[in-house]
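J.: Just dropping this structure here.
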Amino acid sequence: MDLDLRRLRVLHEVALRGGVTAAAEALHVTPSAVSQQLVQLARETRSELLERAGRGVVLTPAGEVLAAHARAILGAVEQAVAGLAALRQEVGGSVRVGAFPSAAGAIVAPAAARAMAAHPDLDVRITEAEDQQSRLDLRSGTLDVVVLQEYDHVPTPLAADLDRHPIATDPMHVITPTDWGSRTGRLGDLRDVPWIASAEGTPCLRSTLHACRLAGFEPDVRHRAIDFTLTLDLVAAGLGAALVPGLALRDVPAGVHVEPLVEPVTERRIFAVTRARGAGPLRPAIDAFLAELTRPANAGLRR
């Protein structure tokens with residue numbers, strides 16, 4: 001039985017993303033093209049790989065078994081390519097990076113520029129990506145490196161097939177309207193004011209709520225903002241206080257007073273994630289980029 005590697009990749013995407021449509025979007029093809037590849041793979045294996053479940057499909061037991069082997073096979077192919085590149089000591093080709101906005105601009109872009117200046121054959125490509133989506137794209141092979149964040153009290157667990165590379169710590173700051181006067185950086189002083197926080201379910205919101213509760217109060221959240229630029233504008237308009245990490249303070253508008261958070265001390269950690277090295281190396285191109293991304297100068301960010 002000969003198995004086509006491209007069809008195994010399609011099955012891997014369906015298993016990883018939970019459906020044909022999501023897999024098609026990741027592979028930049030139509031859902032019918034994905035379905036055709038899976039039908040052909042089913043013929044090759046003489047097994048039913050999918051079955052109907054409501055309006056969608058799920059993997060059959062045979063599909064689950066083959067998808068697990070597909071993941072291992074694709075990983076072995078990647079390790080083979082990396083091993084050959086390491087022998088040749090080639091630092092070239094593309095490295096695809098996904099990162100959340102504040103880190104993409106302040107950390108990833110300068111690291112990419114330094115890496116490409118040091119290695120003219122290297123091509124680093126950056127995509128703005130939310131954490132959950134970027135992790136899926138990393139595991140599927142769409143991205144090579146993703147940059148994630150982890151707030152105090154809100155751990156970010158990683159799958160066993162991913163490796164973590166620390167980049168920086170990013171201390172949290174209290175921001176208030178300037179006409180409220182100077183502050184001490186202690187959250188307890190802000191128990192009776194309106195607050196601005198992130199959307200429900202986000203790590204930033206959970207971190208803010210936990211820090212306020214440690215200070216002995218439940219914040220009166222009046223406004224929600226996912227983007228830190230909007231948070232700063234809302235504070236500048238006098239609408240409330242907020243907790244933001246240092247990287248969000250690169251362009252502070254007039255009307256915003258900034259204090260490092262001193263009680264309770266809270267920070268977020270920024271780190272890169274790659275697919276696990278397994279028994280072999282990463283590609284030299286990825287290692288070269290990681291060397292710039294994780295350089296010690298980034299270790300303790302300060303505004």
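Residue numbering restarts at 1 in every chain; chains get A, B, ... in the order shown in the structure tokens, and ligands count up from 1 in that same order.
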So which residues touch segment 34-45 of chain A within 7 Å, counting only C-alpha atoms, skipping near sequence neighbours fewer than 4 positions away, as a compact mmCIF listing (two decimals) with N, CA and C atoms, in the first residue's frame?
T.:
# COMPACT_ATOMS: atom_id res chain seq x y z
N MET A 1 0.85 -1.19 0.00
CA MET A 1 0.00 0.00 0.00
C MET A 1 0.89 1.25 0.00
N LEU A 3 1.09 5.28 0.35
CA LEU A 3 0.33 6.41 0.88
C LEU A 3 0.93 7.71 0.39
N ARG A 7 -1.84 13.70 0.81
CA ARG A 7 -3.14 13.31 1.35
C ARG A 7 -3.07 13.09 2.86
N VAL A 10 -3.42 16.41 4.40
CA VAL A 10 -4.82 16.84 4.43
C VAL A 10 -5.55 16.20 5.61
N LEU A 11 -5.35 14.90 5.81
CA LEU A 11 -5.99 14.22 6.93
C LEU A 11 -5.51 14.81 8.26
N VAL A 20 -13.62 19.61 7.81
CA VAL A 20 -13.16 19.77 6.42
C VAL A 20 -13.03 21.25 6.06
N ALA A 24 -9.67 23.16 4.93
CA ALA A 24 -9.58 23.78 3.60
C ALA A 24 -9.07 25.21 3.71
N THR A 30 -10.39 24.56 -1.66
CA THR A 30 -11.83 24.47 -1.41
C THR A 30 -12.15 23.24 -0.56
N LEU A 49 -12.64 6.70 6.57
CA LEU A 49 -11.88 7.60 7.43
C LEU A 49 -12.75 8.65 8.12
J.: Using only C-alpha atoms, which residues sit within 10 Å of segment 280-296 of chain A once same-chain residues fewer than 4 positions away are excluded, as a ChimeraX atom specification?
T.: /A:76,78-97,107-116,118-119,121-124,144-145,147,165-168,270-276,300
J.: How would the residues just chosen look if you wrote them out with C-alpha atoms as a compact mmCIF listing (two decimals), in the first residue's frame?
T.:
# COMPACT_ATOMS: atom_id res chain seq x y z
CA ALA A 76 9.82 12.59 10.59
CA GLU A 78 10.53 17.63 8.81
CA GLN A 79 13.30 16.16 10.99
CA ALA A 80 14.94 14.65 7.91
CA VAL A 81 14.95 18.02 6.13
CA ALA A 82 16.30 19.73 9.26
CA GLY A 83 19.03 17.12 9.68
CA LEU A 84 20.26 17.54 6.12
CA ALA A 85 20.23 21.33 6.41
CA ALA A 86 22.18 21.10 9.67
CA LEU A 87 24.85 18.96 8.01
CA ARG A 88 25.23 21.57 5.29
CA GLN A 89 25.12 24.35 7.89
CA GLU A 90 22.79 26.30 5.63
CA VAL A 91 21.11 29.34 7.15
CA GLY A 92 18.66 30.15 4.40
CA GLY A 93 15.11 29.77 3.23
CA SER A 94 11.96 31.07 4.87
CA VAL A 95 10.96 31.13 8.53
CA ARG A 96 7.25 31.86 9.06
CA VAL A 97 6.48 33.60 12.35
CA ILE A 107 10.33 42.30 19.54
CA VAL A 108 9.75 40.14 16.46
CA ALA A 109 10.30 42.76 13.75
CA PRO A 110 13.72 43.91 15.11
CA ALA A 111 14.80 40.28 15.61
CA ALA A 112 13.81 39.45 12.02
CA ALA A 113 15.76 42.43 10.70
CA ARG A 114 18.88 41.45 12.66
CA ALA A 115 18.66 37.81 11.60
CA MET A 116 18.28 38.67 7.91
CA ALA A 118 23.39 38.50 9.54
CA HIS A 119 22.20 35.83 7.07
CA ASP A 121 19.80 34.03 2.40
CA LEU A 122 17.30 34.03 5.29
CA ASP A 123 13.73 35.17 4.66
CA VAL A 124 11.69 35.80 7.85
CA ASP A 144 7.51 27.68 12.05
CA VAL A 145 7.65 29.88 15.16
CA VAL A 147 5.25 34.12 19.92
CA HIS A 165 11.75 29.30 24.34
CA PRO A 166 11.60 32.20 26.89
CA ILE A 167 11.98 35.70 25.44
CA ALA A 168 11.06 38.37 27.98
CA ILE A 270 6.54 36.41 26.42
CA PHE A 271 7.93 33.27 24.83
CA ALA A 272 8.45 31.60 21.46
CA VAL A 273 7.13 28.16 20.61
CA THR A 274 8.36 25.73 17.96
CA ARG A 275 7.45 22.20 17.05
CA ALA A 276 9.41 19.82 19.26
CA GLY A 300 13.45 41.96 31.30
J.: Which one of A:Ser32, A:Thr184, A:Arg139, A:Ser134 sits closest to Ala160 of chain A if you count only C-alpha atoms?
T.: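 Looking only at the distances to Ala160 of chain A, the closest residue turns out to be A:Arg139.
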J.: List every residue of segment 63-118 of chain A that DSSP, applied to the backbone of this structure, assigns to strand (DSSP E), and report them as a list in words.
T.: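 Going through segment 63-118 of chain A, the strand (DSSP E) residues come out as Gly93, Ser94, Val95, Arg96, Val97, Gly98 and Ala99 of chain A.
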J.: Would you export the selected residues with C-alpha atoms as a PDB file, in the first residue's frame, please?
T.:
ATOM      1  CA  GLY A  93      15.114  29.770   3.229  1.00  0.00           C
ATOM      2  CA  SER A  94      11.964  31.068   4.865  1.00  0.00           C
ATOM      3  CA  VAL A  95      10.955  31.127   8.533  1.00  0.00           C
ATOM      4  CA  ARG A  96       7.254  31.862   9.056  1.00  0.00           C
ATOM      5  CA  VAL A  97       6.476  33.596  12.348  1.00  0.00           C
ATOM      6  CA  GLY A  98       3.142  34.354  14.022  1.00  0.00           C
ATOM      7  CA  ALA A  99       2.931  36.838  16.883  1.00  0.00           C
TER       8      ALA A  99
END
J.: Sorted by chain and rising residue number, which residues of segment 135-193 of chain A lie within 12 Å of segment 225-235 of chain A, and what are their closest atom pairs and distances in Å to one decimal, counting only C-alpha atoms, as CSV?
T.:
residue,atom,partner,partner_atom,distance
A:His173,CA,A:Leu232,CA,11.8
A:Val174,CA,A:Val235,CA,10.6
A:Ile175,CA,A:Val235,CA,7.2
A:Thr176,CA,A:Val235,CA,6.0
A:Pro177,CA,A:Val235,CA,5.5
A:Thr178,CA,A:Val235,CA,8.9
A:Asp179,CA,A:Val235,CA,10.6
A:Trp180,CA,A:Val235,CA,10.7
A:Val193,CA,A:Val235,CA,11.9
J.: From the list A:Leu148, A:Gly185, A:Arg9, A:Asp251, which residue is nearest Ile73 of chain A when using only C-alpha atoms?
T.: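 Among the listed residues, the smallest separation from Ile73 of chain A belongs to A:Arg9.
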J.: Which residues in segment 76-174 of chain A does DSSP call alpha helix (DSSP H)? List them as a ChimeraX atom specification.
T.: /A:76-88,101-103,109-118,131-140
J.: So that I can check the surroundings of Val65 of chain A, please list as a list in words every protein, DNA and RNA residue that reaches within 12 Å of it, counting only C-alpha atoms and ignoring chain neighbours fewer than 5 positions away.
T.: Leu8, Leu11, His12, Ala15, Thr45, Ser47, Glu48, Leu49, Leu50, Leu59, Thr60, Ala70, Arg71 and Ala72 of chain A
J.: With distances taken over only C-alpha atoms, which residue among A:Pro203, A:Val14, A:Gly255, A:Arg135 lies nearest Asp163 of chain A?
T.: A:Arg135
J.: So what do you get for atom CA of Leu190 of chain A versus atom CA of Ala106 of chain A, distance-wise?
T.: 29.6 Å
J.: Distance atom CA of Trp195 of chain A-atom CA of Gly238 of chain A, one decimal place?
T.: 10.5 Å
